[in-house]
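Read the structure below first, then the notes.
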Amino acid sequence: MSIDPEPPEEAAGHVTAALEESGRLPDKQSFEELNTQVWQLTVDQRLLRRLLDAVVAISADMDPRAVLQHIVEAAADLIAARYAALGVLGDSGDIVDLITVGVDDEKLRAASGLPQGHGLLRGLIAECRPLRVDEIAADPRSAGFPPDHPVMTTLLGVPLTVRDTLYGTLYLADKHDGTPFSEEDQALLTALASAASVSIENARLYERLRRTAENFQRRLLPTLPDLSPLAIEGAYQPASDLPRLGGDWYDALLLPDGATCVVIGDVTGHDVEAAPLMGQIRNMLRALAYDHGGPPSLIVSRLDHALTMFDDPPTATLVCGRIEEGRDGYTLRWSNAGHLPPLLIGADGDTGYLAPTQHGIPVGIDPSIPRFTHEHPLPPGSTLLLFTDGLVERRNQDIDTGLTALAGHAARLATTPLPQLCADLVAGHDQAFDDDVALLALRIPDSLSSAAGDT
């Protein structure tokens with residue numbers, strides 16, 4: 001448990017009371033010196049506490065851009081500065097990004113672009129050591145300010161290094177109380193910059209891990225075939241918070257008899273085993289659908305039995321569908337193994353979930369339990385949407401709320417081209433996802449093919 005330091009006057013009073021009790025009051029000069037030391041010690045404790053709080057706030061985020069923003073805000077608050085900025089350096093040594101506090105950086109960028117450190121900032125970059133200036137205008141190194149830039153009087157800057165490489169410059173201008181920056185301010189900002197470099201490196205490593213996990217996951221997903229005249233599009237979005245490997249997948253293939261097989265699935269778990277297991281289950285299901293055929297219920301039942309080859313069979317929810325074209329149009333026949341129902345979006349924006357009359361359990365649990373095939377027509381111009389639960393599940397929200405919101409969003413995209421429809425559903429409204437999302441959209445043509453019409 002942390003204990004906040006006493007106010008300076010209370011701390012000094014307690015010391016005086018203790019000395020009075022002991023009968024060893026010092027002379028006036030010694031007492032004043034002792035009082036000053038106690039005061040300074042308490043102030044230092046407060047500053048240390050604020051520094052630690054700032055470091056905790058910076059390290060609480062793993063998004064690289066958010067970490068930089070936290071650093072600038074913490075610096076301005078810690079030193080009580082009116083202006084603060086962090087200039088990120090590119091490989092050429094020029095500033096390629098700027099994060100500010102106290103100025104309208106968008107207006108500043110539009111008027112003069114990013115500062116390139118032609119004056120004092122160039123010296124800070126070149127010398128890579130702290131810089132403290134009491135009067136900017138009088139310093140011979142100053143190059144002045146660009147148009148629309150606030151006029152600043154005092155400056156304190158420190159280099160920001162990551163792994164012994166200059167990452168950027170952190171600098172402040174003009175304290176709120178009007179006093180120049182002190183040695184103590186410089187020491188605090190230097191300490192903050194040192195701690196911040198660790199957070200920057202952690203955020204960069206986290207981002208690299210997230211991209212690696214996402215790329216690995218995407219490589220396990222198939223390249224969708226040309227199913228003309230049907231249009232098809234898939235999308236995948238990793239969870240927003242953690243760079244973890246998931247077991248979500250989609251698949252589609254043209255069967256030997258001319259029908260189309262579509263699959264959406266989600267392997268139980270989120271660890272290093274989930275993604276490889278997903279790949280195995282997907283390939284097994286693909287082989288069973290292509291080589292053996294039959295109704296979706298039979299294909300899923302065969303998969304259930306095939307999974308018994310594992311000592312500890314993996315479990316997964318999935319929907320396996322078969323789309324056929326006949327004289328009266330297209331029909332979806334599907335089997336649901338504990339998964340969320342498909343969403344059918346009419347060309348007129350009318351939507352409805354294809355809830356099965358008989359529910360199935362996830363695969364990998366009990367192969368003796370029967371599977372069921374359901375059937376529903378797919379009207380001309382309609383869109384069939386298969387998705388995993390990450391698209392509709394949110395913390396502290398009932399899943400029915402998410403399903404209703406998805407149906408409403410999809411209805412507004414009924415005639416939108418499939419790539420845009422998928423992109424909007426996955427990235428709409430800057431939403432964050434608690435789980436991975438896999439999405440497969442298939443659109444029915446407006447009219448029957450000539451082959452179907454001739455049968």
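Letters A, B, ... mark the chains of the structure tokens in the order given; residue numbers begin at 1 per chain; ligand numbers begin at 1, in order shown.
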Write out as a PyMOL selection string the residues lying within 8 Å of A:Arg204, counting only C-alpha atoms and excluding same-chain residues fewer than 4 positions away. chain A and resi 64+200+208
Please produce a file of the residues just selected, as a CSV table (one decimal), in the first residue's frame, where the atoms kept are all heavy atoms.
chain,number,residue,atom,x,y,z
A,64,PRO,N,1.5,2.0,-29.9
A,64,PRO,CA,2.6,2.9,-30.0
A,64,PRO,C,2.2,4.4,-30.0
A,64,PRO,O,2.9,5.2,-29.3
A,64,PRO,CB,3.3,2.5,-31.3
A,64,PRO,CG,2.9,1.0,-31.4
A,64,PRO,CD,1.5,0.9,-30.9
A,200,ILE,N,8.2,2.7,-24.9
A,200,ILE,CA,8.2,2.8,-26.4
A,200,ILE,C,8.7,1.5,-27.0
A,200,ILE,O,8.1,0.9,-27.9
A,200,ILE,CB,9.1,4.0,-26.9
A,200,ILE,CG1,8.4,5.3,-26.5
A,200,ILE,CG2,9.3,3.9,-28.4
A,200,ILE,CD1,9.3,6.5,-26.8
A,208,ARG,N,4.9,-5.5,-33.1
A,208,ARG,CA,5.5,-6.4,-34.0
A,208,ARG,C,4.9,-7.8,-33.8
A,208,ARG,O,4.7,-8.6,-34.7
A,208,ARG,CB,7.0,-6.4,-33.8
A,208,ARG,CG,7.8,-7.2,-34.9
A,208,ARG,CD,9.3,-7.0,-34.6
A,208,ARG,NE,9.7,-5.6,-34.5
A,208,ARG,CZ,10.6,-5.1,-33.6
A,208,ARG,NH1,11.3,-6.0,-32.9
A,208,ARG,NH2,10.9,-3.9,-33.6
Name the residues in contact with stretch 412-421 of chain A at a cut-off of 9 Å, using only C-alpha atoms, excluding same-chain residues fewer than 5 positions from it; report them as an mmCIF file with C-alpha atoms, in the first residue's frame.
data_model
loop_
_atom_site.group_PDB
_atom_site.id
_atom_site.type_symbol
_atom_site.label_atom_id
_atom_site.label_comp_id
_atom_site.auth_asym_id
_atom_site.auth_seq_id
_atom_site.Cartn_x
_atom_site.Cartn_y
_atom_site.Cartn_z
ATOM 1 C CA ALA A 231 -19.876 -13.527 -55.754
ATOM 2 C CA ILE A 232 -17.926 -14.299 -52.594
ATOM 3 C CA GLU A 233 -15.746 -12.333 -50.175
ATOM 4 C CA GLY A 234 -14.024 -13.186 -46.892
ATOM 5 C CA ALA A 235 -12.599 -11.028 -44.111
ATOM 6 C CA ILE A 345 -29.825 -10.105 -46.320
ATOM 7 C CA GLY A 346 -32.428 -9.495 -48.995
ATOM 8 C CA ALA A 347 -31.748 -7.158 -51.907
ATOM 9 C CA ASP A 348 -34.450 -4.886 -50.455
ATOM 10 C CA GLY A 349 -32.669 -4.712 -47.069
ATOM 11 C CA ASP A 350 -34.920 -7.212 -45.325
ATOM 12 C CA THR A 351 -32.794 -9.386 -43.009
ATOM 13 C CA GLY A 381 -29.723 -10.503 -55.258
ATOM 14 C CA SER A 382 -29.660 -11.655 -51.634
ATOM 15 C CA THR A 383 -26.485 -11.941 -49.548
ATOM 16 C CA ALA A 407 -28.687 -7.208 -38.794
ATOM 17 C CA VAL A 426 -15.529 -5.521 -39.646
ATOM 18 C CA ALA A 441 -20.255 -13.143 -47.539
ATOM 19 C CA LEU A 442 -21.808 -14.725 -50.616
ATOM 20 C CA ARG A 443 -24.137 -12.895 -53.007
#
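Near A:Leu425, within 8 Å and counting only C-alpha atoms, sit Leu406, His409, Ala410 and Leu421 of chain A; same-chain residues fewer than 4 positions away were not included.
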Using atom CA of A:Ile264 and atom CA of A:Tyr206 as the two end points, give the distance in Å to one decimal. 29.0 Å
For the strand (DSSP E) assignment from backbone DSSP, which residues of stretch 262-411 of chain A qualify? Please present them as a short mmCIF file (atom, residue, chain, number, x, y, z; two decimals) with all heavy atoms, in the first residue's frame.
data_model
loop_
_atom_site.label_atom_id
_atom_site.label_comp_id
_atom_site.auth_asym_id
_atom_site.auth_seq_id
_atom_site.Cartn_x
_atom_site.Cartn_y
_atom_site.Cartn_z
N VAL A 262 -19.74 -23.93 -48.47
CA VAL A 262 -19.25 -22.80 -47.68
C VAL A 262 -19.18 -23.22 -46.22
O VAL A 262 -20.02 -23.98 -45.74
CB VAL A 262 -20.15 -21.56 -47.84
CG1 VAL A 262 -20.03 -20.97 -49.24
CG2 VAL A 262 -21.59 -21.87 -47.49
N VAL A 263 -18.15 -22.72 -45.52
CA VAL A 263 -17.94 -23.09 -44.12
C VAL A 263 -17.50 -21.88 -43.34
O VAL A 263 -16.71 -21.06 -43.82
CB VAL A 263 -16.86 -24.20 -43.99
CG1 VAL A 263 -16.63 -24.54 -42.52
CG2 VAL A 263 -17.26 -25.44 -44.77
N ILE A 264 -18.00 -21.76 -42.13
CA ILE A 264 -17.48 -20.80 -41.15
C ILE A 264 -17.28 -21.59 -39.86
O ILE A 264 -18.10 -22.44 -39.52
CB ILE A 264 -18.43 -19.61 -40.93
CG1 ILE A 264 -17.73 -18.49 -40.15
CG2 ILE A 264 -19.70 -20.03 -40.24
CD1 ILE A 264 -16.82 -17.64 -40.99
N GLY A 265 -16.16 -21.37 -39.16
CA GLY A 265 -15.91 -22.16 -37.96
C GLY A 265 -15.02 -21.44 -36.96
O GLY A 265 -14.35 -20.45 -37.28
N ASP A 266 -15.03 -21.97 -35.75
CA ASP A 266 -14.26 -21.38 -34.65
C ASP A 266 -13.82 -22.50 -33.71
O ASP A 266 -14.65 -23.10 -33.04
CB ASP A 266 -15.12 -20.36 -33.91
CG ASP A 266 -14.35 -19.60 -32.84
OD1 ASP A 266 -13.14 -19.85 -32.68
OD2 ASP A 266 -14.96 -18.74 -32.17
N VAL A 267 -12.51 -22.76 -33.70
CA VAL A 267 -11.96 -23.78 -32.80
C VAL A 267 -11.93 -23.22 -31.38
O VAL A 267 -11.60 -22.05 -31.16
CB VAL A 267 -10.54 -24.18 -33.24
CG1 VAL A 267 -9.91 -25.13 -32.23
CG2 VAL A 267 -10.60 -24.83 -34.61
N ALA A 316 -14.96 -27.56 -31.89
CA ALA A 316 -15.16 -26.36 -32.70
C ALA A 316 -16.63 -26.20 -33.00
O ALA A 316 -17.37 -27.18 -33.11
CB ALA A 316 -14.36 -26.45 -34.00
N THR A 317 -17.06 -24.97 -33.11
CA THR A 317 -18.39 -24.68 -33.64
C THR A 317 -18.24 -24.36 -35.12
O THR A 317 -17.21 -23.82 -35.54
CB THR A 317 -19.03 -23.48 -32.92
OG1 THR A 317 -18.30 -22.29 -33.23
CG2 THR A 317 -19.02 -23.69 -31.41
N LEU A 318 -19.24 -24.69 -35.90
CA LEU A 318 -19.15 -24.40 -37.34
C LEU A 318 -20.52 -24.48 -37.99
O LEU A 318 -21.46 -25.07 -37.45
CB LEU A 318 -18.18 -25.35 -38.04
CG LEU A 318 -18.48 -26.86 -38.02
CD1 LEU A 318 -19.38 -27.27 -39.20
CD2 LEU A 318 -17.20 -27.67 -38.07
N VAL A 319 -20.60 -23.86 -39.15
CA VAL A 319 -21.73 -24.03 -40.06
C VAL A 319 -21.17 -24.51 -41.38
O VAL A 319 -20.24 -23.91 -41.93
CB VAL A 319 -22.50 -22.70 -40.29
CG1 VAL A 319 -23.50 -22.85 -41.43
CG2 VAL A 319 -23.22 -22.28 -39.01
N CYS A 320 -21.68 -25.63 -41.86
CA CYS A 320 -21.28 -26.18 -43.15
C CYS A 320 -22.49 -26.11 -44.07
O CYS A 320 -23.55 -26.67 -43.77
CB CYS A 320 -20.81 -27.62 -42.99
SG CYS A 320 -20.36 -28.43 -44.56
N GLY A 321 -22.34 -25.38 -45.18
CA GLY A 321 -23.47 -25.18 -46.07
C GLY A 321 -23.20 -25.66 -47.48
O GLY A 321 -22.05 -25.72 -47.94
N ARG A 322 -24.25 -26.00 -48.19
CA ARG A 322 -24.19 -26.44 -49.59
C ARG A 322 -25.18 -25.58 -50.37
O ARG A 322 -26.39 -25.58 -50.06
CB ARG A 322 -24.53 -27.92 -49.68
CG ARG A 322 -24.59 -28.47 -51.10
CD ARG A 322 -25.04 -29.93 -51.08
NE ARG A 322 -25.36 -30.42 -52.42
CZ ARG A 322 -24.47 -30.99 -53.24
NH1 ARG A 322 -23.23 -31.16 -52.84
NH2 ARG A 322 -24.84 -31.40 -54.44
N ILE A 323 -24.69 -24.86 -51.36
CA ILE A 323 -25.54 -23.98 -52.15
C ILE A 323 -25.74 -24.60 -53.53
O ILE A 323 -24.77 -24.89 -54.25
CB ILE A 323 -24.90 -22.58 -52.27
CG1 ILE A 323 -24.77 -21.96 -50.89
CG2 ILE A 323 -25.74 -21.68 -53.18
CD1 ILE A 323 -23.99 -20.68 -50.86
N GLU A 324 -26.99 -24.83 -53.88
CA GLU A 324 -27.33 -25.49 -55.13
C GLU A 324 -28.21 -24.57 -55.97
O GLU A 324 -29.05 -23.83 -55.44
CB GLU A 324 -28.07 -26.80 -54.85
CG GLU A 324 -27.30 -27.76 -53.95
CD GLU A 324 -28.16 -28.91 -53.47
OE1 GLU A 324 -29.41 -28.84 -53.67
OE2 GLU A 324 -27.62 -29.88 -52.91
N GLU A 325 -28.05 -24.64 -57.28
CA GLU A 325 -28.89 -23.89 -58.19
C GLU A 325 -29.85 -24.86 -58.89
O GLU A 325 -29.42 -25.86 -59.47
CB GLU A 325 -28.05 -23.16 -59.24
CG GLU A 325 -28.88 -22.30 -60.17
CD GLU A 325 -28.04 -21.65 -61.26
OE1 GLU A 325 -26.85 -22.00 -61.39
OE2 GLU A 325 -28.58 -20.79 -61.99
N GLY A 326 -31.14 -24.56 -58.81
CA GLY A 326 -32.14 -25.38 -59.47
C GLY A 326 -33.04 -24.55 -60.37
O GLY A 326 -32.80 -23.35 -60.60
N GLY A 329 -34.34 -21.47 -58.62
CA GLY A 329 -33.38 -20.56 -58.01
C GLY A 329 -32.38 -21.28 -57.13
O GLY A 329 -32.23 -22.50 -57.19
N TYR A 330 -31.71 -20.51 -56.30
CA TYR A 330 -30.68 -21.06 -55.43
C TYR A 330 -31.26 -21.46 -54.08
O TYR A 330 -32.20 -20.82 -53.56
CB TYR A 330 -29.57 -20.03 -55.21
CG TYR A 330 -28.67 -19.83 -56.41
CD1 TYR A 330 -29.00 -18.90 -57.41
CD2 TYR A 330 -27.50 -20.57 -56.54
CE1 TYR A 330 -28.17 -18.72 -58.50
CE2 TYR A 330 -26.66 -20.38 -57.65
CZ TYR A 330 -27.02 -19.46 -58.62
OH TYR A 330 -26.20 -19.29 -59.70
N THR A 331 -30.68 -22.51 -53.52
CA THR A 331 -31.11 -23.01 -52.21
C THR A 331 -29.89 -23.28 -51.33
O THR A 331 -28.87 -23.80 -51.81
CB THR A 331 -31.91 -24.32 -52.36
OG1 THR A 331 -33.06 -24.07 -53.17
CG2 THR A 331 -32.35 -24.85 -51.01
N LEU A 332 -30.00 -22.91 -50.08
CA LEU A 332 -28.96 -23.23 -49.09
C LEU A 332 -29.42 -24.42 -48.26
O LEU A 332 -30.52 -24.41 -47.69
CB LEU A 332 -28.71 -22.03 -48.17
CG LEU A 332 -27.83 -22.32 -46.95
CD1 LEU A 332 -26.39 -22.61 -47.38
CD2 LEU A 332 -27.87 -21.17 -45.95
N ARG A 333 -28.58 -25.43 -48.22
CA ARG A 333 -28.78 -26.55 -47.29
C ARG A 333 -27.60 -26.53 -46.33
O ARG A 333 -26.45 -26.47 -46.78
CB ARG A 333 -28.86 -27.87 -48.05
CG ARG A 333 -29.93 -27.89 -49.13
CD ARG A 333 -29.91 -29.19 -49.90
NE ARG A 333 -30.38 -30.31 -49.07
CZ ARG A 333 -30.05 -31.58 -49.28
NH1 ARG A 333 -29.23 -31.90 -50.28
NH2 ARG A 333 -30.53 -32.53 -48.50
N TRP A 334 -27.86 -26.55 -45.06
CA TRP A 334 -26.77 -26.38 -44.10
C TRP A 334 -26.99 -27.18 -42.82
O TRP A 334 -28.11 -27.57 -42.50
CB TRP A 334 -26.58 -24.91 -43.78
CG TRP A 334 -27.50 -24.33 -42.73
CD1 TRP A 334 -27.22 -24.11 -41.42
CD2 TRP A 334 -28.86 -23.90 -42.92
NE1 TRP A 334 -28.30 -23.57 -40.78
CE2 TRP A 334 -29.32 -23.42 -41.68
CE3 TRP A 334 -29.73 -23.87 -44.01
CZ2 TRP A 334 -30.60 -22.92 -41.50
CZ3 TRP A 334 -31.02 -23.36 -43.84
CH2 TRP A 334 -31.45 -22.89 -42.60
N SER A 335 -25.87 -27.41 -42.13
CA SER A 335 -25.89 -28.05 -40.82
C SER A 335 -25.14 -27.15 -39.84
O SER A 335 -24.07 -26.63 -40.17
CB SER A 335 -25.23 -29.43 -40.88
OG SER A 335 -25.32 -30.09 -39.64
N ASN A 336 -25.72 -26.95 -38.67
CA ASN A 336 -25.14 -26.04 -37.68
C ASN A 336 -24.63 -26.84 -36.48
O ASN A 336 -25.41 -27.54 -35.83
CB ASN A 336 -26.18 -25.01 -37.23
CG ASN A 336 -25.57 -23.90 -36.41
OD1 ASN A 336 -24.71 -24.13 -35.56
ND2 ASN A 336 -26.02 -22.67 -36.64
N ALA A 337 -23.33 -26.73 -36.21
CA ALA A 337 -22.73 -27.43 -35.07
C ALA A 337 -22.39 -26.41 -33.98
O ALA A 337 -21.25 -25.99 -33.82
CB ALA A 337 -21.46 -28.17 -35.51
N LEU A 343 -26.84 -15.16 -41.50
CA LEU A 343 -27.73 -14.02 -41.69
C LEU A 343 -28.01 -13.88 -43.18
O LEU A 343 -27.08 -13.81 -43.99
CB LEU A 343 -27.09 -12.74 -41.16
CG LEU A 343 -27.87 -11.43 -41.37
CD1 LEU A 343 -29.19 -11.46 -40.62
CD2 LEU A 343 -27.03 -10.23 -40.95
N LEU A 344 -29.29 -13.83 -43.55
CA LEU A 344 -29.68 -13.65 -44.94
C LEU A 344 -30.16 -12.21 -45.12
O LEU A 344 -31.08 -11.76 -44.44
CB LEU A 344 -30.78 -14.64 -45.33
CG LEU A 344 -31.21 -14.62 -46.80
CD1 LEU A 344 -30.03 -14.96 -47.72
CD2 LEU A 344 -32.37 -15.59 -47.05
N ILE A 345 -29.52 -11.51 -46.07
CA ILE A 345 -29.82 -10.10 -46.32
C ILE A 345 -30.48 -10.01 -47.69
O ILE A 345 -29.86 -10.31 -48.71
CB ILE A 345 -28.55 -9.25 -46.30
CG1 ILE A 345 -27.71 -9.55 -45.06
CG2 ILE A 345 -28.87 -7.76 -46.39
CD1 ILE A 345 -26.27 -9.08 -45.17
N THR A 351 -33.77 -8.44 -43.54
CA THR A 351 -32.79 -9.39 -43.01
C THR A 351 -33.45 -10.39 -42.06
O THR A 351 -34.50 -10.10 -41.46
CB THR A 351 -31.68 -8.65 -42.24
OG1 THR A 351 -32.26 -7.96 -41.11
CG2 THR A 351 -30.95 -7.66 -43.12
N GLY A 352 -32.83 -11.55 -41.95
CA GLY A 352 -33.31 -12.56 -41.01
C GLY A 352 -32.26 -13.62 -40.76
O GLY A 352 -31.49 -13.97 -41.67
N TYR A 353 -32.18 -14.08 -39.53
CA TYR A 353 -31.23 -15.14 -39.18
C TYR A 353 -31.86 -16.50 -39.48
O TYR A 353 -33.04 -16.73 -39.22
CB TYR A 353 -30.86 -15.06 -37.70
CG TYR A 353 -29.93 -13.90 -37.41
CD1 TYR A 353 -30.43 -12.71 -36.87
CD2 TYR A 353 -28.58 -13.98 -37.69
CE1 TYR A 353 -29.59 -11.63 -36.62
CE2 TYR A 353 -27.72 -12.91 -37.44
CZ TYR A 353 -28.23 -11.74 -36.91
OH TYR A 353 -27.40 -10.68 -36.67
N HIS A 374 -30.70 -28.48 -42.77
CA HIS A 374 -31.81 -27.55 -42.90
C HIS A 374 -31.76 -26.94 -44.30
O HIS A 374 -30.73 -26.95 -44.97
CB HIS A 374 -31.72 -26.46 -41.84
CG HIS A 374 -31.40 -27.00 -40.48
ND1 HIS A 374 -32.33 -27.59 -39.66
CD2 HIS A 374 -30.21 -27.08 -39.81
CE1 HIS A 374 -31.75 -28.00 -38.54
NE2 HIS A 374 -30.46 -27.70 -38.61
N GLU A 375 -32.88 -26.38 -44.74
CA GLU A 375 -32.97 -25.88 -46.11
C GLU A 375 -33.68 -24.54 -46.14
O GLU A 375 -34.66 -24.32 -45.41
CB GLU A 375 -33.71 -26.92 -46.97
CG GLU A 375 -33.74 -26.59 -48.45
CD GLU A 375 -34.33 -27.74 -49.26
OE1 GLU A 375 -33.89 -28.90 -49.05
OE2 GLU A 375 -35.22 -27.47 -50.09
N HIS A 376 -33.17 -23.63 -46.99
CA HIS A 376 -33.82 -22.32 -47.12
C HIS A 376 -33.49 -21.74 -48.49
O HIS A 376 -32.35 -21.82 -48.94
CB HIS A 376 -33.31 -21.37 -46.03
CG HIS A 376 -34.18 -20.15 -45.83
ND1 HIS A 376 -34.14 -19.07 -46.68
CD2 HIS A 376 -35.12 -19.86 -44.88
CE1 HIS A 376 -35.01 -18.15 -46.26
NE2 HIS A 376 -35.62 -18.62 -45.17
N PRO A 377 -34.48 -21.14 -49.18
CA PRO A 377 -34.20 -20.53 -50.49
C PRO A 377 -33.36 -19.27 -50.35
O PRO A 377 -33.43 -18.55 -49.33
CB PRO A 377 -35.60 -20.20 -51.03
CG PRO A 377 -36.45 -20.05 -49.81
CD PRO A 377 -35.91 -21.02 -48.80
N LEU A 378 -32.56 -18.99 -51.37
CA LEU A 378 -31.73 -17.79 -51.42
C LEU A 378 -32.25 -16.93 -52.58
O LEU A 378 -31.97 -17.22 -53.74
CB LEU A 378 -30.26 -18.15 -51.64
CG LEU A 378 -29.62 -19.03 -50.55
CD1 LEU A 378 -28.19 -19.40 -50.95
CD2 LEU A 378 -29.65 -18.32 -49.19
N THR A 383 -27.85 -11.70 -50.04
CA THR A 383 -26.48 -11.94 -49.55
C THR A 383 -26.55 -12.84 -48.33
O THR A 383 -27.29 -12.57 -47.38
CB THR A 383 -25.79 -10.62 -49.17
OG1 THR A 383 -25.77 -9.75 -50.31
CG2 THR A 383 -24.37 -10.87 -48.70
N LEU A 384 -25.77 -13.91 -48.37
CA LEU A 384 -25.66 -14.81 -47.24
C LEU A 384 -24.41 -14.45 -46.45
O LEU A 384 -23.32 -14.36 -47.01
CB LEU A 384 -25.57 -16.26 -47.72
CG LEU A 384 -25.44 -17.33 -46.63
CD1 LEU A 384 -26.73 -17.42 -45.82
CD2 LEU A 384 -25.10 -18.69 -47.24
N LEU A 385 -24.59 -14.24 -45.14
CA LEU A 385 -23.48 -13.81 -44.29
C LEU A 385 -23.21 -14.85 -43.22
O LEU A 385 -24.09 -15.17 -42.40
CB LEU A 385 -23.83 -12.47 -43.64
CG LEU A 385 -22.69 -11.66 -43.02
CD1 LEU A 385 -21.72 -11.19 -44.09
CD2 LEU A 385 -23.25 -10.47 -42.24
N LEU A 386 -22.00 -15.42 -43.25
CA LEU A 386 -21.55 -16.35 -42.22
C LEU A 386 -20.47 -15.66 -41.40
O LEU A 386 -19.58 -15.01 -41.98
CB LEU A 386 -20.99 -17.62 -42.85
CG LEU A 386 -21.90 -18.37 -43.84
CD1 LEU A 386 -21.14 -19.53 -44.47
CD2 LEU A 386 -23.16 -18.85 -43.16
N PHE A 387 -20.49 -15.80 -40.08
CA PHE A 387 -19.57 -15.04 -39.25
C PHE A 387 -19.31 -15.77 -37.94
O PHE A 387 -20.07 -16.65 -37.53
CB PHE A 387 -20.14 -13.64 -38.96
CG PHE A 387 -21.51 -13.68 -38.32
CD1 PHE A 387 -21.65 -13.65 -36.94
CD2 PHE A 387 -22.65 -13.78 -39.10
CE1 PHE A 387 -22.91 -13.70 -36.35
CE2 PHE A 387 -23.91 -13.84 -38.54
CZ PHE A 387 -24.04 -13.80 -37.15
#
Near stretch 77-91 of chain A, counting only C-alpha atoms, which residues have an atom at most 8 Å away, once you skip same-chain residues fewer than 6 positions from it, shown as a VMD selection string? chain A and resid 47 50 to 51 54 68 97 to 103 166 to 176 185 188 to 189
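For stretch 293-304 of chain A, the set of protein, DNA and RNA residues having any atom at most 6 Å away, when counting only C-alpha atoms and skipping those fewer than 4 positions along the same chain, is Ala289, Cys320, Trp334, Ser335, Val363, Gly364, Pro367, Arg371, Phe372 and Thr373 of chain A.
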With all heavy atoms retained, write the just-selected residues as a compact mmCIF listing (two decimals), in the first residue's frame.
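What ended up in out24.txt:
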# COMPACT_ATOMS: atom_id res chain seq x y z
N ALA A 289 -15.93 -33.02 -47.68
CA ALA A 289 -16.95 -32.42 -48.54
C ALA A 289 -16.67 -32.70 -50.01
O ALA A 289 -17.59 -33.00 -50.78
CB ALA A 289 -17.01 -30.91 -48.30
N CYS A 320 -21.68 -25.63 -41.86
CA CYS A 320 -21.28 -26.18 -43.15
C CYS A 320 -22.49 -26.11 -44.07
O CYS A 320 -23.55 -26.67 -43.77
CB CYS A 320 -20.81 -27.62 -42.99
SG CYS A 320 -20.36 -28.43 -44.56
N TRP A 334 -27.86 -26.55 -45.06
CA TRP A 334 -26.77 -26.38 -44.10
C TRP A 334 -26.99 -27.18 -42.82
O TRP A 334 -28.11 -27.57 -42.50
CB TRP A 334 -26.58 -24.91 -43.78
CG TRP A 334 -27.50 -24.33 -42.73
CD1 TRP A 334 -27.22 -24.11 -41.42
CD2 TRP A 334 -28.86 -23.90 -42.92
NE1 TRP A 334 -28.30 -23.57 -40.78
CE2 TRP A 334 -29.32 -23.42 -41.68
CE3 TRP A 334 -29.73 -23.87 -44.01
CZ2 TRP A 334 -30.60 -22.92 -41.50
CZ3 TRP A 334 -31.02 -23.36 -43.84
CH2 TRP A 334 -31.45 -22.89 -42.60
N SER A 335 -25.87 -27.41 -42.13
CA SER A 335 -25.89 -28.05 -40.82
C SER A 335 -25.14 -27.15 -39.84
O SER A 335 -24.07 -26.63 -40.17
CB SER A 335 -25.23 -29.43 -40.88
OG SER A 335 -25.32 -30.09 -39.64
N VAL A 363 -18.61 -29.82 -32.87
CA VAL A 363 -17.94 -31.05 -33.27
C VAL A 363 -16.83 -31.36 -32.26
O VAL A 363 -16.30 -30.47 -31.59
CB VAL A 363 -17.35 -30.94 -34.69
CG1 VAL A 363 -18.44 -30.77 -35.72
CG2 VAL A 363 -16.32 -29.80 -34.77
N GLY A 364 -16.49 -32.67 -32.18
CA GLY A 364 -15.42 -33.08 -31.28
C GLY A 364 -15.88 -33.46 -29.90
O GLY A 364 -15.05 -33.72 -29.01
N PRO A 367 -19.55 -38.05 -31.22
CA PRO A 367 -19.91 -38.38 -32.61
C PRO A 367 -21.19 -39.20 -32.74
O PRO A 367 -21.71 -39.37 -33.86
CB PRO A 367 -18.70 -39.18 -33.10
CG PRO A 367 -18.08 -39.75 -31.87
CD PRO A 367 -18.31 -38.73 -30.79
N ARG A 371 -26.72 -35.42 -36.57
CA ARG A 371 -26.64 -34.09 -37.17
C ARG A 371 -27.85 -33.89 -38.08
O ARG A 371 -28.46 -34.86 -38.55
CB ARG A 371 -25.35 -33.95 -37.99
CG ARG A 371 -24.08 -34.09 -37.17
CD ARG A 371 -23.89 -32.90 -36.25
NE ARG A 371 -22.71 -33.04 -35.39
CZ ARG A 371 -22.36 -32.12 -34.50
NH1 ARG A 371 -23.08 -31.02 -34.35
NH2 ARG A 371 -21.30 -32.32 -33.75
N PHE A 372 -28.18 -32.62 -38.34
CA PHE A 372 -29.39 -32.32 -39.11
C PHE A 372 -29.05 -31.35 -40.24
O PHE A 372 -28.19 -30.49 -40.11
CB PHE A 372 -30.45 -31.69 -38.21
CG PHE A 372 -30.76 -32.52 -36.99
CD1 PHE A 372 -30.15 -32.24 -35.77
CD2 PHE A 372 -31.63 -33.59 -37.06
CE1 PHE A 372 -30.42 -32.99 -34.64
CE2 PHE A 372 -31.91 -34.36 -35.94
CZ PHE A 372 -31.31 -34.06 -34.72
N THR A 373 -29.76 -31.54 -41.37
CA THR A 373 -29.63 -30.63 -42.50
C THR A 373 -30.89 -29.79 -42.61
O THR A 373 -32.01 -30.32 -42.54
CB THR A 373 -29.42 -31.41 -43.82
OG1 THR A 373 -28.16 -32.09 -43.77
CG2 THR A 373 -29.42 -30.46 -45.01
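Nearest to A:Pro222 of all the residues A:Asp328, A:Asp94, A:Glu207, A:Asp251 is A:Asp251, counting only C-alpha atoms.
Here atom CA of A:Ala411 and atom CA of A:Arg394 stand 20.7 Å from one another.
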